[in-house]
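S.K.: Please see the structure below; I have some questions.
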Amino acid sequence: MSTLITTRPPDRGWRLFVRTIVARAYPRVIGQQREKAWIFFETFLPFLATVGYIYVYRAIQAPEDYIGFVVMGGAMTAFWLNVIWAMASQLYWEKESGNLALYIMAPNSLMAILLGMALGGMLATCLRALVITVLGTLLFGISFAVSSYFQLFAVFVLTMAALYGLGMLLASLFLLWGREAWQIATALQEPVYFISGFYFPVKSFGFAVALAASVLPLTLGMDAMRQLVFASGPSLGFLSVEVEIAILSVLAVVFIAAAKFWLDFMERKAIEEGTLTDRRR
Amino acid sequence: MFKTFSRSFFPAAWLGWQIESNWTDPFLFLAFSIAKPIASVLILVFMYNAVSQAGPDSPIYSYIYLGNAFYIYVTEVMAGASFSILDDRERYRSLKYIYIAPVSIPIYLFGRAVARFTTGTIAVVITLVAGVLFFGVPFNPLGVDWPMFFAALALGIVCLAFMGIIIGSWTLIIRTEPWFVGEATAAALYLFSGAVFPLSILPVWLQPVGFLLPMTYWLELIRRALLGPGAAAFPTLSAFSNAELFGILMLIAVGFGIVAFVAYRYFDRRAREEGMIDAQSNF
Amino acid sequence: MSDQPAIKTENLGRIYKIRGAKKGEARQRVALADVNLEVPRGEFFGLLGPNGAGKTTLIKILTTLLAPSTGRAFVAGYDVARQPQEVRPRINMVSGGESSGYGLLTVRENLWMFGQFYGLDTKTTYARIDELLQIVGLADRARTKTSDLSTGLRQKMNIVRGFLTDPEVIFLDEPTLGLDVGASRDIRHFVRRWMDDRPGRTVLLTTHYMVEADELCDRVAIINNGRVLACDSPANLKRRLQREAIFKLEVSPLRNGVLAAFEQLPGVRKVVHSPQDGRSELDLILEADEALGGVVTALNTHGAHILNLQKREPTLEDVFVDLVGMSMTEAEKAGEQELMGG
């Protein structure tokens, strides 16, 4: 032990940030490899649930593009679930298991821990989104008419940036919450599916409500993607794609900055109130 | 026998209610309990309004609305049962102590699901009232066949309890993401049970799955009781009389009861073999 | 900052609000009050006190997990409340009776993960893991899933996690809690060796095992009800009682109420009674040997027979009794009752 091998000083700054993301993603990735039951629950069952909505549209004789809307919405549920379960409410579990204290006490950033959790779950998330998209497209003969791949890519990236910023903002609240975090995460599921228009165009809400719903990044993200991907998309779109991209850019910056501010604030508050380490089962 | 039932069921129902309700004040509790079901019914209302010009008078509208409203019970009971296992095993770490107590685990699970059934009932009632007041669901309380309604409801709940026991037992051997099992299964079965569209819309080769599920007959009976002749606009089950539907539902209840018994025995044995009773699957 | 003490506290206090306190019940609980400590670098420092004395609260504050309500605390020269980012790279903590990491990962994987959170490069991390696992006797379980480890082995992994980052100050919060004698001894040996090999490193150990504190610590602070009652080397603390005479008596079972009568006897400072199977054990702190005669007479008067009598050297337990007026077990019970009474 007299040696306690040291080759170079420990990393700090962005290198530590990246190391932390990779390290926290690791148990997720390994866990998913060692226990494969999730493949069934995370891909096949959600696909069936999405198909349920497709047949609702069939039953009311909706135009075929609406089937495509549902498939896209079903695929995007994966990202929302990843945010609220794998990132936000996961902090509650970490607190319960005693790991949160060790994370806070270490010199890393809590943002990196949260991103690690989310990225670790990304394999399952992407697989779920991919299965729903591919199977939905093949089985229901969805036709795409992509008007701009560049814009589509930009919308997706901006939506994800804003979404994960929002997720970190939510996670900061979970530092203070105990058992209620669970109920709140559950209650954030379907209402957001509704408000963000996962299965129908948000234009149906009317301008004012749709604008309010646009605070959630997935609302405009999906609306823009539908406009860019489906032939009838532009006629059912809420705002023009360019405007939606602009708003999404603002949302991304605001949510990420707010997340950083709030995480620091909530960490301080949790340390003051002593909620980081108490377990309220 | 009765003692086992009472010491398994009543404490479980009491505990379930405490866990469900005491995390916040009653107002917030109510708001959270109904947010999810109300949102899911609103999704369908907006899907319908975005496409259909027929308005709420079309028979398919009330078909979808009522089917979805009563499907809340399915989600609540199935999610409730799997959540009970998860809660006790992973969050409260008390499943092992319940296991070694002289209780019947299936009855315990049934008791825990009662709390979710209660919150489910609140959500169903609110959804129905909102449907009548705000969303144009045609409903005449004087035209409702109440005895048939309650008989169908009770029989359906028994079936759901058996399904809850199956899902709860299954959760015993699932290590990863078990919190999604109940909800994901309920959401997947939504497709096959004719809850929000008539089974005849499904491809022919998928329809038999629907005919094996109790929800298919149960929801049909509920619709017939509530809407009267208006419910018979779709051909899938129109050839069956009410009595025949009750008969089929009873047979299925017995079938699911047997399956629940066998499933519990099987999953219980496997859970103990694999050391899952006190497992922790956080990662 | 290397000239600064490893740990310093100034009038440190912490008050917890009691959630859901009803009218008439106490709304807050003082967990720590006016704690002034200074621990130089390279010291093995012990905090000794019953459960609920405030030891863990103090550790939480020093490890940046809990903010003090009053006063200030410094670790490695940095203010724990205002400069947590400076404190964190320099410390680590091991708590007894807790698991860390993920059951699905192997011992080596869990330890690697925690190493990453401190910015250690992978090569260094693995080299240290292998070295430390070897020392604590866990090398053959490196590839075992953590969920498959026994409590003792899991705690050894937890110990390795704490020492992996080679912290300047390490906090050990009841590290041997719930472990068997062998595993506890292994852990004590490991920590002592680490200190010997790494001069300048500091350990703060909390324990309610007297022997552990006596064996390991350079200095010990005795804490009860959130207050530090004494702080000195174990030898000096025990020397306080050198003038007193300490006896251990085994007698036939005593009736209730007899004890109070003993404490009134001249020359008797404190009597601690521990009922055993079919007999009673009495620890007596007397002002002088002569006072023993009165106790023996009183025992006879109450019909108790002396089975064994022994004069012994003072222990830290005696120091605690002398300072608090009751044994550690009694202090724990008193603390619990106070909590239950609000």
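FYI, nothing fancy with the structure tokens labels: chains A, B, ... in order, residues from 1 per chain, ligands from 1 as they appear.
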Which of stretch 132-320 of chain C counts as helix (DSSP H, G or I) under DSSP, as an MDAnalysis selection string please?
M.R.: chainID C and resid 132:136 139:141 146:148 151:164 181:197 210:216 234:239 258:263 291:301 316:320
S.K.: Could you save the residues just selected, with C-alpha atoms, as a PDB file, in the first residue's frame?
M.R.:
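So the final result, stored in again_17.pdb, reads:
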```pdb
ATOM      1  CA  LEU C 132      -6.423  -2.420  -2.220  1.00  0.00           C
ATOM      2  CA  LEU C 133      -8.532  -5.521  -2.852  1.00  0.00           C
ATOM      3  CA  GLN C 134      -5.448  -7.597  -2.243  1.00  0.00           C
ATOM      4  CA  ILE C 135      -4.821  -5.853   1.082  1.00  0.00           C
ATOM      5  CA  VAL C 136      -8.362  -6.264   2.399  1.00  0.00           C
ATOM      6  CA  ALA C 139      -8.978  -9.955  -4.537  1.00  0.00           C
ATOM      7  CA  ASP C 140     -10.597 -13.301  -5.311  1.00  0.00           C
ATOM      8  CA  ARG C 141     -14.054 -11.663  -5.330  1.00  0.00           C
ATOM      9  CA  THR C 146     -21.899  -6.926  -5.464  1.00  0.00           C
ATOM     10  CA  SER C 147     -25.380  -8.330  -4.844  1.00  0.00           C
ATOM     11  CA  ASP C 148     -23.774 -11.719  -4.213  1.00  0.00           C
ATOM     12  CA  THR C 151     -22.425  -7.948   4.495  1.00  0.00           C
ATOM     13  CA  GLY C 152     -18.818  -8.122   5.676  1.00  0.00           C
ATOM     14  CA  LEU C 153     -17.394  -8.387   2.165  1.00  0.00           C
ATOM     15  CA  ARG C 154     -19.634  -5.599   0.928  1.00  0.00           C
ATOM     16  CA  GLN C 155     -18.306  -3.379   3.689  1.00  0.00           C
ATOM     17  CA  LYS C 156     -14.755  -4.262   2.703  1.00  0.00           C
ATOM     18  CA  MET C 157     -15.597  -3.122  -0.824  1.00  0.00           C
ATOM     19  CA  ASN C 158     -17.053   0.042   0.640  1.00  0.00           C
ATOM     20  CA  ILE C 159     -13.806   0.609   2.543  1.00  0.00           C
ATOM     21  CA  VAL C 160     -11.802   0.181  -0.671  1.00  0.00           C
ATOM     22  CA  ARG C 161     -14.109   2.684  -2.382  1.00  0.00           C
ATOM     23  CA  GLY C 162     -13.323   5.248   0.282  1.00  0.00           C
ATOM     24  CA  PHE C 163      -9.569   4.783   0.191  1.00  0.00           C
ATOM     25  CA  LEU C 164      -9.356   4.368  -3.594  1.00  0.00           C
ATOM     26  CA  VAL C 181     -15.271  -9.782  15.066  1.00  0.00           C
ATOM     27  CA  GLY C 182     -12.935 -11.020  12.300  1.00  0.00           C
ATOM     28  CA  ALA C 183     -14.123  -8.563   9.645  1.00  0.00           C
ATOM     29  CA  SER C 184     -14.009  -5.673  12.142  1.00  0.00           C
ATOM     30  CA  ARG C 185     -10.443  -6.561  13.080  1.00  0.00           C
ATOM     31  CA  ASP C 186      -9.418  -6.738   9.390  1.00  0.00           C
ATOM     32  CA  ILE C 187     -10.857  -3.295   8.761  1.00  0.00           C
ATOM     33  CA  ARG C 188      -9.166  -1.792  11.821  1.00  0.00           C
ATOM     34  CA  HIS C 189      -5.818  -3.253  10.758  1.00  0.00           C
ATOM     35  CA  PHE C 190      -6.252  -1.942   7.243  1.00  0.00           C
ATOM     36  CA  VAL C 191      -7.043   1.600   8.375  1.00  0.00           C
ATOM     37  CA  ARG C 192      -4.192   1.690  10.875  1.00  0.00           C
ATOM     38  CA  ARG C 193      -1.762   0.473   8.207  1.00  0.00           C
ATOM     39  CA  TRP C 194      -2.997   3.059   5.737  1.00  0.00           C
ATOM     40  CA  MET C 195      -2.317   5.790   8.284  1.00  0.00           C
ATOM     41  CA  ASP C 196       1.150   4.449   9.007  1.00  0.00           C
ATOM     42  CA  ASP C 197       1.979   4.290   5.301  1.00  0.00           C
ATOM     43  CA  MET C 210     -14.886   1.985  23.071  1.00  0.00           C
ATOM     44  CA  VAL C 211     -12.221  -0.561  22.225  1.00  0.00           C
ATOM     45  CA  GLU C 212     -12.092   0.639  18.635  1.00  0.00           C
ATOM     46  CA  ALA C 213     -11.522   4.228  19.690  1.00  0.00           C
ATOM     47  CA  ASP C 214      -8.992   3.228  22.320  1.00  0.00           C
ATOM     48  CA  GLU C 215      -7.032   1.007  19.947  1.00  0.00           C
ATOM     49  CA  LEU C 216      -6.929   3.289  16.918  1.00  0.00           C
ATOM     50  CA  PRO C 234      -7.326   8.141  25.248  1.00  0.00           C
ATOM     51  CA  ALA C 235      -4.518   7.890  27.808  1.00  0.00           C
ATOM     52  CA  ASN C 236      -5.081  11.442  29.057  1.00  0.00           C
ATOM     53  CA  LEU C 237      -8.814  10.963  29.200  1.00  0.00           C
ATOM     54  CA  LYS C 238      -8.391   7.863  31.290  1.00  0.00           C
ATOM     55  CA  ARG C 239      -5.832   9.602  33.457  1.00  0.00           C
ATOM     56  CA  VAL C 258     -31.398  -0.848  45.345  1.00  0.00           C
ATOM     57  CA  LEU C 259     -29.141   1.008  42.950  1.00  0.00           C
ATOM     58  CA  ALA C 260     -30.320   4.436  43.981  1.00  0.00           C
ATOM     59  CA  ALA C 261     -29.408   3.635  47.574  1.00  0.00           C
ATOM     60  CA  PHE C 262     -25.826   2.786  46.550  1.00  0.00           C
ATOM     61  CA  GLU C 263     -25.318   6.117  44.872  1.00  0.00           C
ATOM     62  CA  ALA C 291     -15.571   3.587  49.938  1.00  0.00           C
ATOM     63  CA  LEU C 292     -15.828  -0.051  48.865  1.00  0.00           C
ATOM     64  CA  GLY C 293     -16.508  -1.160  52.434  1.00  0.00           C
ATOM     65  CA  GLY C 294     -19.762   0.796  52.502  1.00  0.00           C
ATOM     66  CA  VAL C 295     -20.885  -0.773  49.241  1.00  0.00           C
ATOM     67  CA  VAL C 296     -20.163  -4.300  50.504  1.00  0.00           C
ATOM     68  CA  THR C 297     -22.109  -3.610  53.689  1.00  0.00           C
ATOM     69  CA  ALA C 298     -25.011  -2.192  51.697  1.00  0.00           C
ATOM     70  CA  LEU C 299     -25.025  -5.260  49.450  1.00  0.00           C
ATOM     71  CA  ASN C 300     -25.210  -7.506  52.482  1.00  0.00           C
ATOM     72  CA  THR C 301     -28.037  -5.423  53.920  1.00  0.00           C
ATOM     73  CA  LEU C 316     -13.054   5.125  27.935  1.00  0.00           C
ATOM     74  CA  GLU C 317     -16.454   3.811  28.981  1.00  0.00           C
ATOM     75  CA  ASP C 318     -15.643   4.915  32.548  1.00  0.00           C
ATOM     76  CA  VAL C 319     -14.635   8.306  31.192  1.00  0.00           C
ATOM     77  CA  PHE C 320     -17.980   8.537  29.440  1.00  0.00           C
TER      78      PHE C 320
END
```
S.K.: Enumerate, in order of chain and increasing residue number, the residues of chain B with an atom no farther than 7 Å from chain A, each with its shortest atom pair and distance in Å to one decimal, counting only C-alpha atoms, as CSV.
M.R.:
```
residue,atom,partner,partner_atom,distance
B:Trp23,CA,A:Glu180,CA,5.8
B:Phe32,CA,A:Ala187,CA,6.0
B:Ala35,CA,A:Ala187,CA,6.2
B:Lys36,CA,A:Glu190,CA,5.4
B:Ala39,CA,A:Pro191,CA,4.8
B:Ser40,CA,A:Glu190,CA,6.0
B:Leu42,CA,A:Phe194,CA,6.9
B:Ile43,CA,A:Phe194,CA,5.3
B:Met47,CA,A:Phe200,CA,5.6
B:Ala50,CA,A:Ser204,CA,6.1
B:Val51,CA,A:Ala62,CA,5.7
B:Ser52,CA,A:Ile60,CA,6.5
B:Arg91,CA,A:Arg281,CA,7.0
B:Tyr92,CA,A:Arg281,CA,6.4
B:Thr176,CA,A:Trp38,CA,6.3
B:Glu177,CA,A:Trp38,CA,6.8
B:Val181,CA,A:Phe41,CA,6.7
B:Ala184,CA,A:Leu45,CA,5.8
B:Thr185,CA,A:Leu45,CA,6.5
B:Ala187,CA,A:Ala49,CA,5.1
B:Ala188,CA,A:Ala49,CA,4.6
B:Tyr190,CA,A:Gly52,CA,6.4
B:Leu191,CA,A:Gly52,CA,4.3
B:Val196,CA,A:Val56,CA,6.4
B:Phe197,CA,A:Val56,CA,5.7
B:Ile201,CA,A:Ala59,CA,6.4
B:Phe283,CA,A:Arg28,CA,5.7
```
S.K.: Could you please tell me, as a list of chain:residue names, which residues of chain C have an atom within 6 Å of chain A when using only C-alpha atoms?
M.R.: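 Taking only C-alpha atoms into account, C:Leu65, C:Leu66, C:Ala67, C:Arg88, C:Pro89, C:Ser100, C:Met113, C:Gln116, C:Phe117, C:Tyr118, C:Gly119, C:Leu120, C:Thr124, C:Asp197 sit within 6 Å of chain A.
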S.K.: Could those selected residues go to a file with C-alpha atoms, as a PDB file, in the first residue's frame?
M.R.:
```pdb
ATOM      1  CA  LEU C  65     -23.775  16.922   2.613  1.00  0.00           C
ATOM      2  CA  LEU C  66     -25.443  19.049   5.264  1.00  0.00           C
ATOM      3  CA  ALA C  67     -25.206  22.749   5.960  1.00  0.00           C
ATOM      4  CA  ARG C  88     -14.750  17.394  -2.239  1.00  0.00           C
ATOM      5  CA  PRO C  89     -11.673  16.341  -4.229  1.00  0.00           C
ATOM      6  CA  SER C 100     -22.885   1.655  -2.220  1.00  0.00           C
ATOM      7  CA  MET C 113     -17.114   3.768 -11.468  1.00  0.00           C
ATOM      8  CA  GLN C 116     -14.131   7.943 -12.366  1.00  0.00           C
ATOM      9  CA  PHE C 117     -16.239  10.354 -10.338  1.00  0.00           C
ATOM     10  CA  TYR C 118     -12.979  11.611  -8.816  1.00  0.00           C
ATOM     11  CA  GLY C 119     -11.287  11.972 -12.207  1.00  0.00           C
ATOM     12  CA  LEU C 120      -8.855   9.068 -11.778  1.00  0.00           C
ATOM     13  CA  THR C 124      -4.462   4.203 -12.093  1.00  0.00           C
ATOM     14  CA  ASP C 197       1.979   4.290   5.301  1.00  0.00           C
TER      15      ASP C 197
END
```
S.K.: For B:Ala13, list every protein, DNA or RNA residue within 8 Å, evaluated using only C-alpha atoms, and leave out those in the same chain fewer than 2 positions away; present the list as a list in words.
M.R.: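 These residues fall inside the cut-off: Phe9, Phe10, Pro11, Leu15, Gly16, Trp17, Tyr108, Gly111, Arg112, Ala113, Val114 and Ala115 of chain B.
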S.K.: Keeping only C-alpha atoms, write the selected residues as a PDB file, in the first residue's frame.
M.R.:
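Listed below is the output, part_18.pdb:
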```
ATOM      1  CA  PHE B   9     -56.650  -8.879   2.705  1.00  0.00           C
ATOM      2  CA  PHE B  10     -57.526  -6.198   5.268  1.00  0.00           C
ATOM      3  CA  PRO B  11     -54.023  -5.087   6.269  1.00  0.00           C
ATOM      4  CA  LEU B  15     -51.583  -0.403   3.615  1.00  0.00           C
ATOM      5  CA  GLY B  16     -52.360   0.120  -0.059  1.00  0.00           C
ATOM      6  CA  TRP B  17     -54.586   3.045   0.787  1.00  0.00           C
ATOM      7  CA  TYR B 108     -52.448  -9.818  -0.158  1.00  0.00           C
ATOM      8  CA  GLY B 111     -55.950  -6.342  -1.074  1.00  0.00           C
ATOM      9  CA  ARG B 112     -53.261  -3.959  -2.265  1.00  0.00           C
ATOM     10  CA  ALA B 113     -55.039  -3.572  -5.603  1.00  0.00           C
ATOM     11  CA  VAL B 114     -58.205  -2.437  -3.792  1.00  0.00           C
ATOM     12  CA  ALA B 115     -56.650   0.966  -3.109  1.00  0.00           C
TER      13      ALA B 115
END
```
S.K.: Name all residues at most 10 Å from A:Ala224 (count only C-alpha atoms; drop same-chain ones fewer than 2 positions away) and give them as a PDB file with C-alpha atoms, in the first residue's frame.
M.R.:
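Saved file out-v2.pdb follows:
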```pdb
ATOM      1  CA  GLN A 151     -33.981  20.984 -40.945  1.00  0.00           C
ATOM      2  CA  LEU A 152     -35.196  17.600 -39.716  1.00  0.00           C
ATOM      3  CA  VAL A 155     -35.205  20.046 -35.153  1.00  0.00           C
ATOM      4  CA  PHE A 156     -34.393  16.656 -33.641  1.00  0.00           C
ATOM      5  CA  THR A 159     -35.692  19.143 -29.344  1.00  0.00           C
ATOM      6  CA  LEU A 218     -41.691  17.935 -27.644  1.00  0.00           C
ATOM      7  CA  THR A 219     -44.740  19.950 -28.712  1.00  0.00           C
ATOM      8  CA  LEU A 220     -42.950  22.057 -31.303  1.00  0.00           C
ATOM      9  CA  GLY A 221     -40.347  19.379 -31.961  1.00  0.00           C
ATOM     10  CA  MET A 222     -42.965  16.895 -33.101  1.00  0.00           C
ATOM     11  CA  ARG A 226     -44.385  16.120 -38.843  1.00  0.00           C
ATOM     12  CA  GLN A 227     -44.322  19.117 -41.154  1.00  0.00           C
ATOM     13  CA  LEU A 228     -40.953  18.049 -42.499  1.00  0.00           C
ATOM     14  CA  VAL A 229     -41.730  14.359 -42.896  1.00  0.00           C
ATOM     15  CA  GLY A 233     -47.769  17.892 -42.435  1.00  0.00           C
ATOM     16  CA  PRO A 234     -47.431  21.573 -43.431  1.00  0.00           C
ATOM     17  CA  GLY A 237     -48.687  22.397 -38.696  1.00  0.00           C
ATOM     18  CA  PHE A 238     -49.050  24.929 -35.890  1.00  0.00           C
ATOM     19  CA  LEU A 239     -46.318  27.464 -36.810  1.00  0.00           C
ATOM     20  CA  SER A 240     -43.863  27.496 -39.690  1.00  0.00           C
ATOM     21  CA  VAL A 241     -40.877  25.204 -39.306  1.00  0.00           C
ATOM     22  CA  GLU A 242     -38.464  28.134 -39.257  1.00  0.00           C
ATOM     23  CA  VAL A 243     -40.313  29.789 -36.376  1.00  0.00           C
ATOM     24  CA  GLU A 244     -40.500  26.497 -34.532  1.00  0.00           C
ATOM     25  CA  ILE A 245     -36.743  25.994 -34.961  1.00  0.00           C
ATOM     26  CA  LEU A 248     -36.761  25.428 -29.965  1.00  0.00           C
TER      27      LEU A 248
END
```
S.K.: Considering only C-alpha atoms, give me a table of residues in chain C that are at most 9 Å from chain B, with the closest atom pair and distance in Å for each, as JSON lines.
M.R.:
```
{"residue": "C:Gly101", "atom": "CA", "partner": "B:Phe283", "partner_atom": "CA", "distance": 8.3}
{"residue": "C:Tyr102", "atom": "CA", "partner": "B:Phe283", "partner_atom": "CA", "distance": 5.6}
{"residue": "C:Gly103", "atom": "CA", "partner": "B:Gln280", "partner_atom": "CA", "distance": 7.1}
{"residue": "C:Leu104", "atom": "CA", "partner": "B:Phe283", "partner_atom": "CA", "distance": 7.1}
{"residue": "C:Leu105", "atom": "CA", "partner": "B:Phe283", "partner_atom": "CA", "distance": 8.5}
{"residue": "C:Ser147", "atom": "CA", "partner": "B:Gln280", "partner_atom": "CA", "distance": 8.1}
```
S.K.: Which value, in Å to one decimal, gives the distance between atom CA of B:Ser82 and atom CA of B:Ile167?
M.R.: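 The value is 6.1 Å.
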